[in-house]
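Shown next, in structure tokens, is the structure this report addresses.
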Amino acid sequence: MKLRDQYPLYLANEALQPNTDLAVTDKFTGEVATRVALADAAMIDEAIGAAVKAAQPMARMASYERRDVLQHCVDRFIERKDELAYALCIEAGKPINDSRGEVGRLIDTFRIAAEESVRMTGEVQPLDISPRARGYQGIWKRVPIGPCSFISPFNFPLNLAAHKIAPAIAVGCPFVMKPASRTPLGAIIMGEVLAETNLPKGAFSILPATRDGADLFTVDDRLKLLSFTGSPDVGWDLKAKSGKKKVVLELGGNAAVIIDADADLDDAVDRTVFGAFYQSGQSCIGVQRILVHDAVYDAFKAKLVAKTSTLIAGSPHDEKTFVGPMIDVKEAARLENWIEEALGKGAALLCGGKREGAMLKATLLENVDPSTKLNREEAFGPVAFLIRFRTWEEALHICNDSKFGLQAGIFTRDIFKILDAWDDLDVGGVVVNDVPSYRVDNMPYGGVKDSGIGREGVRFAMEDMTEIRNLVIRRKQP
């Protein structure tokens, strides 16, 4: 299997090849793997105009018609699953097993959206709460918000694009999407499949673009919602520029997992290794801070280091590879510098720490100074560190001592500690007896603080992409 020499963009449902200006590299070899068309400001403007024209036809599609479009996507993604996984392995450097897993989640997300597209309901609401409202009754329903703007990231270029595209189709919103320039192929293949359907003209545009030329995705007032997944600095800046439109942000994190004294250590080690190092640590809910009770700290550390040291790093095409390359050399060098800063401030290196090009070995540290970038910022790579705690309250406090708040994992068998964590952890979600890296695509997913605003998970994204429209009926009195 190999990639095509060039891939188009999609403007108002149609494939166009105006240029081949965007080079997509094989993230393991660094060589150009294919070339993709790049949109300019005029194309983006045209796409937004087409989305505006498509808003009414999209809103008037019957529920079963939207469901059938989404089900067509499910069927075609299943047929093309090997192609999708291969493209993802090349463009993101994602190990092939992780790539297959993401294709499975892409299929799940569209399947969930197909099911939810025929379940959008409203409510009959009595209004006669006082004498002045006697004879009045309310009914409300949800209607599409209108043209949407989507900006998706490089680390999950299939599934995180799907979490925007599938809910939009489910509710009847046209959209324009800017996929990450380093990983545009998955979104373009989705465009190929959508172009096979009977969506109204202008229902979708998928436009790789440089960041400098993409302001219209954010500032254009014809767009009624901006959904961005990416880094906090970029996300909050886009929100400030977005004007009156609704904004949903899925941003970064430096997620913590808490290992209590009663945890099954072997299970906790297995899941922590997965959470910290799957997809080369390039996940916003990847395990970065590992909080371990003092009573089991030494035993857990020994098991964790031994397990981490066995992870195979190398070509993402190799079935045995667990840790592939980071997205580019620059990011790997950045994280290497963060490790060196931590070591310079007294941290101890337990394993890993070596970099070769974009490849950084799975790395564990302890005694990381709280002031270091490794503790305060999002590592977004295969690095994690251990922290010792003595009381549950101390662990919750350390977990909360972060500007981020996406998800947290806790390993404990004490139901009261679980409830305390659910009440007191300032995060979007708490995962019990598993790592914060766990996500199912129908659950409400999102963060607080610098981790963003709004929730994904198909039904919850559908709520953001709709508005409530009320109907009040007065029944004349005899």
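Just remember, in the structure tokens the first chain shown is A, the second B, etc., residues are 1-based per chain, and ligands are 1-based in the order shown.
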
For range 192-194 of chain A, work out the shell of residues within 7 Å, counting only C-alpha atoms and skipping chain neighbours fewer than 4 positions away, then give it as a JSON list (two decimals) with N, CA and C atoms, in the first residue's frame.
[["chain", "number", "residue", "atom", "x", "y", "z"],
["A", 73, "CYS", "N", -21.04, 6.93, 5.55],
["A", 73, "CYS", "CA", -19.66, 7.16, 5.99],
["A", 73, "CYS", "C", -19.14, 5.98, 6.80],
["A", 76, "ARG", "N", -18.34, 3.12, 4.40],
["A", 76, "ARG", "CA", -17.17, 3.37, 3.55],
["A", 76, "ARG", "C", -15.87, 3.40, 4.36],
["A", 188, "ILE", "N", -9.09, 14.78, 4.44],
["A", 188, "ILE", "CA", -9.34, 14.80, 2.99],
["A", 188, "ILE", "C", -10.03, 13.51, 2.56]]

Would you kindly return, as an MDAnalysis selection string, each protein, DNA or RNA residue with an atom no farther than 12 Å from any atom of Ser231 in chain A, considering only C-alpha atoms and excluding same-chain residues fewer than 3 positions away?
chainID A and resid 151:155 180 228 234:238 249:253 282:284 377:380 404 450:452

Would you please give, as a ChimeraX atom specification, all residues of range 150-334 of chain A that DSSP assigns to strand (DSSP E or B) based on the backbone?
/A:150-151,175-178,204-206,225-229,246-250,256-259,289-293,313,323

Please, could you write that set of residues out with C-alpha atoms as a PDB file, in the first residue's frame?
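Everything below was put into part_38.pdb:
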ATOM      1  CA  PHE A 150     -13.756  23.600  12.633  1.00  0.00           C
ATOM      2  CA  ILE A 151     -10.005  23.559  13.279  1.00  0.00           C
ATOM      3  CA  PHE A 175     -19.196  23.526   7.960  1.00  0.00           C
ATOM      4  CA  VAL A 176     -15.763  24.591   6.819  1.00  0.00           C
ATOM      5  CA  MET A 177     -12.804  22.690   8.265  1.00  0.00           C
ATOM      6  CA  LYS A 178      -9.107  23.459   8.502  1.00  0.00           C
ATOM      7  CA  PHE A 204     -18.878  20.948   3.651  1.00  0.00           C
ATOM      8  CA  SER A 205     -15.472  22.283   2.719  1.00  0.00           C
ATOM      9  CA  ILE A 206     -12.180  20.780   3.906  1.00  0.00           C
ATOM     10  CA  LEU A 225     -19.707  28.508  15.887  1.00  0.00           C
ATOM     11  CA  LEU A 226     -15.964  27.913  16.119  1.00  0.00           C
ATOM     12  CA  SER A 227     -14.784  24.540  17.413  1.00  0.00           C
ATOM     13  CA  PHE A 228     -11.025  24.362  17.936  1.00  0.00           C
ATOM     14  CA  THR A 229      -8.872  21.547  19.259  1.00  0.00           C
ATOM     15  CA  LYS A 246     -20.158  30.535  20.011  1.00  0.00           C
ATOM     16  CA  VAL A 247     -16.750  28.991  20.767  1.00  0.00           C
ATOM     17  CA  VAL A 248     -15.877  25.449  21.886  1.00  0.00           C
ATOM     18  CA  LEU A 249     -12.263  24.820  22.888  1.00  0.00           C
ATOM     19  CA  GLU A 250     -10.627  21.457  23.563  1.00  0.00           C
ATOM     20  CA  ALA A 256      -2.422  13.230  36.763  1.00  0.00           C
ATOM     21  CA  VAL A 257      -3.103   9.662  37.843  1.00  0.00           C
ATOM     22  CA  ILE A 258      -3.318   8.841  41.546  1.00  0.00           C
ATOM     23  CA  ILE A 259      -2.229   5.392  42.764  1.00  0.00           C
ATOM     24  CA  ARG A 289       2.069  13.326  36.636  1.00  0.00           C
ATOM     25  CA  ILE A 290       2.019   9.974  38.498  1.00  0.00           C
ATOM     26  CA  LEU A 291       1.031  10.407  42.152  1.00  0.00           C
ATOM     27  CA  VAL A 292       1.810   7.322  44.263  1.00  0.00           C
ATOM     28  CA  HIS A 293       1.035   6.636  47.925  1.00  0.00           C
ATOM     29  CA  ALA A 313      10.578   2.360  19.953  1.00  0.00           C
ATOM     30  CA  VAL A 323       6.628   4.395  20.802  1.00  0.00           C
TER      31      VAL A 323
END

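Candidate residues A:Gln17, A:Ser437, A:Ser371, A:Thr183 were compared for distance to Ile90 in chain A, and the nearest is A:Thr183, using only C-alpha atoms.
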
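The gap separating CA of Asp426 in chain A from CA of Thr412 in chain A is 18.4 Å, in Å to one decimal.
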
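Restricting the calculation to only C-alpha atoms, the smallest distance between Asp464 in chain A and any of A:Lys245, A:Lys361, A:Arg66, A:Lys307 is found for A:Lys245.
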
Considering only C-alpha atoms, return as a PyMOL selection string whatever protein or nucleic-acid residues lie within 9 Å of Met120 in chain A, sequence-local ones (same chain, fewer than 4 positions apart) excluded.
chain A and resi 63+116+141-142+171+459+462

With only C-alpha atoms as the counted atoms, please give the residues lying no more than 8 Å from Arg376 in chain A, apart from itself and same-chain residues fewer than 2 positions off, as a PyMOL selection string.
chain A and resi 254+370-374+378+402-403

DSSP-assigned helix (DSSP H, G or I) among range 123-335 of chain A, expressed as a ChimeraX atom specification
/A:131-133,159-171,185-194,216-219,232-241,265-281,297-308,329-335

With distances taken over only C-alpha atoms, which residue among A:Arg182, A:Lys417, A:Lys53, A:Lys81 lies nearest Leu223 in chain A?
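Closest residue, counting only C-alpha atoms: A:Lys53.
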
Do a neighbour search on Glu319 in chain A at 8 Å with only C-alpha atoms, toss out local chain neighbours closer than 6 positions, and write the hits as a PDB file with C-alpha atoms, in the first residue's frame.
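Saved file result.pdb follows:
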ATOM      1  CA  PRO A  95       2.342   3.256  15.458  1.00  0.00           C
ATOM      2  CA  ILE A  96       0.239   1.056  13.204  1.00  0.00           C
ATOM      3  CA  ASN A  97      -1.674  -0.540  16.079  1.00  0.00           C
TER       4      ASN A  97
END

Point-to-point distance in Å for CA of Pro144 in chain A and CA of Gln125 in chain A:
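So the two atoms, CA of Gln125 in chain A and CA of Pro144 in chain A, lie 20.9 Å apart.
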
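When only C-alpha atoms are used to measure the gap to Thr121 in chain A, the shortest distance among A:Asp420, A:Asp260, A:Asp82, A:Glu463 belongs to A:Glu463.
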
Would you list the contacts of Leu185 in chain A as JSON, numbers by chain, taking every protein, DNA or RNA residue within 10 Å and counting only C-alpha atoms, but skipping same-chain residues closer than 6 positions in sequence?
{"A": [3, 7, 8, 9, 24, 34, 35, 36, 84, 87, 88, 90, 91, 92, 157, 158, 179, 191, 208]}

Could you tell me which of A:Val329, A:Ala342, A:Ala395, A:Val440 comes closest to Met359 in chain A if we count only C-alpha atoms?
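Going through A:Val329, A:Ala342, A:Ala395, A:Val440 one by one, the smallest distance to Met359 in chain A is for A:Val329.
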
For Pro126 in chain A, list every protein, DNA or RNA residue within 8 Å, evaluated using only C-alpha atoms, and leave out those in the same chain fewer than 5 positions away; present the list as an MDAnalysis selection string.
chainID A and resid 136:138

For the residues in that selection, give me C-alpha atoms as a PDB file, in the first residue's frame.
ATOM      1  CA  TYR A 136     -50.400  29.286  28.114  1.00  0.00           C
ATOM      2  CA  GLN A 137     -48.227  26.354  27.130  1.00  0.00           C
ATOM      3  CA  GLY A 138     -44.638  26.155  25.913  1.00  0.00           C
TER       4      GLY A 138
END

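Remark: for Ala42 in chain A, the closest of the candidate residues A:Ala362, A:Ile312, A:Ala384, A:Ala209 is A:Ala209 (distances computed over only C-alpha atoms).
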
To one decimal place, how far is CA of Pro444 in chain A from CA of Asn470 in chain A in Å?
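These atoms are spaced 25.3 Å apart.
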